[in-house]
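What follows is one structure encoded as structure tokens, with my remarks underneath.
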Amino acid sequence: MSKLFKLSLAATAVLMAAGAQAQAFPAKPITLIVPFAAGGPTDKVARDLAEAMRKPLHGATIVVDNAAGAGSTIGTAKAFRAPPDGYTLLVAHIGMATTATLYRNPGFKYDEFEYLGMINEVPMVVVGKPGLAANNWAELSSWIGQNKNKVNLANAGLGAASHLCGLMLQNALKVELTTVPYKGTAPAMTDLLGGQVDIMCDQTTNTTSQVEGKKIKAYAVSTAKRLSTPVVYKDLPTLDEAGLKGFDVSIWHGLYAPKGTPAAVLKTLNDALKAALKDPDFVKKQEGLGAVVVNDARVNPAEHKKFVAAEVTKWGAVIKAAGQYAD
């Protein structure tokens, strides 16, 4: 047997093995890392997504790993360091873009992940404690102006969606409120429900059930257009039409893999993501929380990466203007 022939056989064997490996994926459970606590908005999205991706991945087991802390950087860094085999993925929100400015050394680089695609966009709602005297945005705006030194604005921690929306809100209102950061969405909402803080700007995925139950008050939405669903928000004005011109904030979620994950595996995962985003049950669950499932070019890796790069620039300017950083 010639040396050339042996090399040819070896090369063929490698290609066949690589093909078999790609076809076999997934051969074991997949872990979705969520860099936030269980029960929060991103956790809800990840668990719905895990269920929707099982079918296109031939019934694969997909488990959610909540690795919360340090404004999402602990979990994100964990995913960044994971083996690049497709069995550890990351579901992250807008923090993928904002940590580039918020943190000097977050333990990862946003542009060194493998981008799988965008999942959804989530509107924000300005909500207030149940005993607040203001009953609409005009009254709330007036109350904030009269009591700005006494108003407590809650958020779920540095880099959280509620933190970012709060920065934009203060900038638009030209006020500096007393900001009360919490270690997660749940404790922030608990204190809002209990009246320990006055207002918060948070994702509809976190506020909807509380507004529907009339446990907190809703005043305005952050998007450029009014929300048609859920019904509880349909009569709320946008902040733009209420006088804060140009105010348009949505929180998005995306799916990522460690750098170096094989191309064939990435394609399998991207195909599964696209199928999940068209799953009627997934869409219904997201719409029920006020989220909009993405169905445009951003479900493709390159377009999502381009979108995130633009978000880094956009939010970098907001964060720098506010002078809020972490080590």
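Residue names in the structure tokens use chain letters A, B, ... in the order shown, residue numbers from 1 in each chain, and ligand numbers from 1 in the order shown.
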**Message:** Considering only strand (DSSP E) as DSSP defines it on the backbone, what residues of range 66-259 of chain A qualify? List them as a ChimeraX atom specification.
**Reply:** /A:66,88-92,114-128,152-155,178-181,199-203,217-221,250-257
Based on the selection just made, write C-alpha atoms of those residues as a short mmCIF file (atom, residue, chain, number, x, y, z; two decimals), in the first residue's frame.
data_model
loop_
_atom_site.label_atom_id
_atom_site.label_comp_id
_atom_site.auth_asym_id
_atom_site.auth_seq_id
_atom_site.Cartn_x
_atom_site.Cartn_y
_atom_site.Cartn_z
CA ASN A 66 -28.74 29.84 36.51
CA THR A 88 -22.97 24.73 26.65
CA LEU A 89 -24.87 27.74 25.33
CA LEU A 90 -25.69 31.17 26.71
CA VAL A 91 -28.99 33.02 26.74
CA ALA A 92 -28.13 36.66 27.39
CA GLU A 114 -20.20 32.46 18.37
CA TYR A 115 -23.46 34.26 17.65
CA LEU A 116 -26.43 31.97 17.00
CA GLY A 117 -29.18 34.54 16.61
CA MET A 118 -31.58 36.90 18.31
CA ILE A 119 -34.60 35.57 20.19
CA ASN A 120 -36.97 38.39 21.09
CA GLU A 121 -37.44 42.03 21.96
CA VAL A 122 -39.11 42.98 25.22
CA PRO A 123 -40.78 46.34 25.86
CA MET A 124 -40.27 48.16 29.14
CA VAL A 125 -42.99 49.67 31.33
CA VAL A 126 -42.76 52.41 33.94
CA VAL A 127 -44.53 51.05 37.00
CA GLY A 128 -45.17 52.36 40.49
CA ASN A 152 -36.79 56.15 44.93
CA LEU A 153 -36.14 54.46 41.59
CA ALA A 154 -35.52 50.71 41.91
CA ASN A 155 -33.47 48.54 39.59
CA THR A 178 -32.42 58.27 44.32
CA THR A 179 -31.49 54.99 42.66
CA VAL A 180 -31.92 51.82 44.71
CA PRO A 181 -30.06 48.84 43.17
CA ILE A 199 -41.09 53.43 40.80
CA MET A 200 -39.22 51.15 38.42
CA CYS A 201 -38.85 50.76 34.67
CA ASP A 202 -38.78 47.05 33.90
CA GLN A 203 -39.47 44.42 31.26
CA LYS A 217 -49.58 50.64 38.73
CA ALA A 218 -48.49 50.98 35.09
CA TYR A 219 -47.95 54.40 33.53
CA ALA A 220 -46.24 54.27 30.14
CA VAL A 221 -44.37 51.98 27.76
CA SER A 250 -36.54 47.51 24.16
CA ILE A 251 -34.58 44.76 25.85
CA TRP A 252 -33.51 41.92 23.58
CA HIS A 253 -32.28 38.38 24.15
CA GLY A 254 -29.90 36.32 22.05
CA LEU A 255 -28.36 32.85 21.94
CA TYR A 256 -24.58 32.30 21.94
CA ALA A 257 -21.96 29.53 21.96
#
**Prompt:** Within 10 Å of Glu51 in chain A, counting only C-alpha atoms, which residues qualify if same-chain residues fewer than 2 places away don't, as a PyMOL selection string?
**Reply:** chain A and resi 46-49+53-55+59-63+276+281-282
How would the residues just picked look written out with N, CA and C atoms as a PDB file, in the first residue's frame?
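Writing done, so here's again_24.pdb:
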ATOM      1  N   ALA A  46     -35.436  31.817  28.611  1.00  0.00           N
ATOM      2  CA  ALA A  46     -34.584  30.651  28.391  1.00  0.00           C
ATOM      3  C   ALA A  46     -35.350  29.350  28.563  1.00  0.00           C
ATOM      4  N   ARG A  47     -36.198  29.268  29.562  1.00  0.00           N
ATOM      5  CA  ARG A  47     -36.952  28.034  29.802  1.00  0.00           C
ATOM      6  C   ARG A  47     -37.984  27.781  28.701  1.00  0.00           C
ATOM      7  N   ASP A  48     -38.611  28.836  28.220  1.00  0.00           N
ATOM      8  CA  ASP A  48     -39.532  28.674  27.091  1.00  0.00           C
ATOM      9  C   ASP A  48     -38.768  28.250  25.835  1.00  0.00           C
ATOM     10  N   LEU A  49     -37.588  28.848  25.640  1.00  0.00           N
ATOM     11  CA  LEU A  49     -36.780  28.514  24.470  1.00  0.00           C
ATOM     12  C   LEU A  49     -36.290  27.071  24.537  1.00  0.00           C
ATOM     13  N   MET A  53     -36.892  24.331  21.611  1.00  0.00           N
ATOM     14  CA  MET A  53     -35.778  23.804  20.817  1.00  0.00           C
ATOM     15  C   MET A  53     -35.637  22.285  20.912  1.00  0.00           C
ATOM     16  N   ARG A  54     -36.307  21.675  21.858  1.00  0.00           N
ATOM     17  CA  ARG A  54     -36.169  20.223  22.022  1.00  0.00           C
ATOM     18  C   ARG A  54     -36.630  19.463  20.783  1.00  0.00           C
ATOM     19  N   LYS A  55     -37.763  19.853  20.229  1.00  0.00           N
ATOM     20  CA  LYS A  55     -38.312  19.132  19.078  1.00  0.00           C
ATOM     21  C   LYS A  55     -37.391  19.177  17.863  1.00  0.00           C
ATOM     22  N   GLY A  59     -35.677  15.850  20.282  1.00  0.00           N
ATOM     23  CA  GLY A  59     -36.014  15.494  21.649  1.00  0.00           C
ATOM     24  C   GLY A  59     -34.879  15.599  22.635  1.00  0.00           C
ATOM     25  N   ALA A  60     -33.852  16.343  22.299  1.00  0.00           N
ATOM     26  CA  ALA A  60     -32.688  16.476  23.182  1.00  0.00           C
ATOM     27  C   ALA A  60     -33.084  17.050  24.536  1.00  0.00           C
ATOM     28  N   THR A  61     -32.371  16.646  25.553  1.00  0.00           N
ATOM     29  CA  THR A  61     -32.561  17.210  26.882  1.00  0.00           C
ATOM     30  C   THR A  61     -31.825  18.540  26.952  1.00  0.00           C
ATOM     31  N   ILE A  62     -32.535  19.584  27.341  1.00  0.00           N
ATOM     32  CA  ILE A  62     -31.932  20.911  27.469  1.00  0.00           C
ATOM     33  C   ILE A  62     -32.227  21.417  28.868  1.00  0.00           C
ATOM     34  N   VAL A  63     -31.181  21.670  29.619  1.00  0.00           N
ATOM     35  CA  VAL A  63     -31.346  22.112  31.006  1.00  0.00           C
ATOM     36  C   VAL A  63     -30.871  23.551  31.151  1.00  0.00           C
ATOM     37  N   ALA A 276     -37.609  27.017  16.601  1.00  0.00           N
ATOM     38  CA  ALA A 276     -38.220  27.344  17.890  1.00  0.00           C
ATOM     39  C   ALA A 276     -38.944  28.685  17.838  1.00  0.00           C
ATOM     40  N   ASP A 281     -46.502  27.586  20.252  1.00  0.00           N
ATOM     41  CA  ASP A 281     -46.560  27.649  21.714  1.00  0.00           C
ATOM     42  C   ASP A 281     -45.557  28.650  22.258  1.00  0.00           C
ATOM     43  N   PHE A 282     -44.349  28.669  21.681  1.00  0.00           N
ATOM     44  CA  PHE A 282     -43.327  29.613  22.126  1.00  0.00           C
ATOM     45  C   PHE A 282     -43.776  31.038  21.852  1.00  0.00           C
TER      46      PHE A 282
END
**Message:** Under the rule that only C-alpha atoms are counted, which of A:Ile30, A:Val211, A:Val231, A:Ile144 is the nearest residue to Glu287 in chain A?
**Reply:** A:Val231
**Item:** Pick from A:Phe36, A:Trp315, A:Tyr110, A:Phe80 nearest to Lys259 in chain A, counting only C-alpha atoms
**Value:** A:Phe80
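Distance check against Leu158 in chain A using only C-alpha atoms: of A:Gly246, A:Gly288, A:Gly184, A:Gly316, the minimum falls on A:Gly184.
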**Prompt:** When distances are computed from only C-alpha atoms, which of A:Gly194, A:Gly69, A:Pro301, A:Gly166 shows the smallest separation from Asp271 in chain A?
**Reply:**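 Under the stated criterion, the closest residue is A:Pro301.
Taking CA of Gly75 in chain A and CA of Pro106 in chain A as the two end points, the separation is 10.6 Å.
Shortest atom-to-atom contact with Asp235 in chain A among A:Val312, A:Ala70, A:Trp137, A:Pro56: A:Trp137, counting only C-alpha atoms.
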**Item:** Nearest-residue call for Glu112 in chain A, choices A:Ala138, A:Ala24, A:Ala77, A:Leu177, using only C-alpha atoms
**Value:** A:Ala77
**Contacts of Gly131 in chain A within 10 Å, only C-alpha atoms, excl. fewer than 5 positions in-chain, as a PyMOL selection string** = chain A and resi 193-195+198+215-217
**Message:** Among range 59-264 of chain A, which ones does DSSP assign to alpha helix (DSSP H) (computed from the backbone)? Answer as a ChimeraX atom specification.
**Reply:** /A:73-81,95-102,137-147,161-173,185-194,204-212,263-264
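For the pair CA of Lys78 in chain A and CA of Ala37 in chain A, the separation is 14.7 Å.
Going from CA of Pro83 in chain A to CA of Val308 in chain A covers 23.3 Å.
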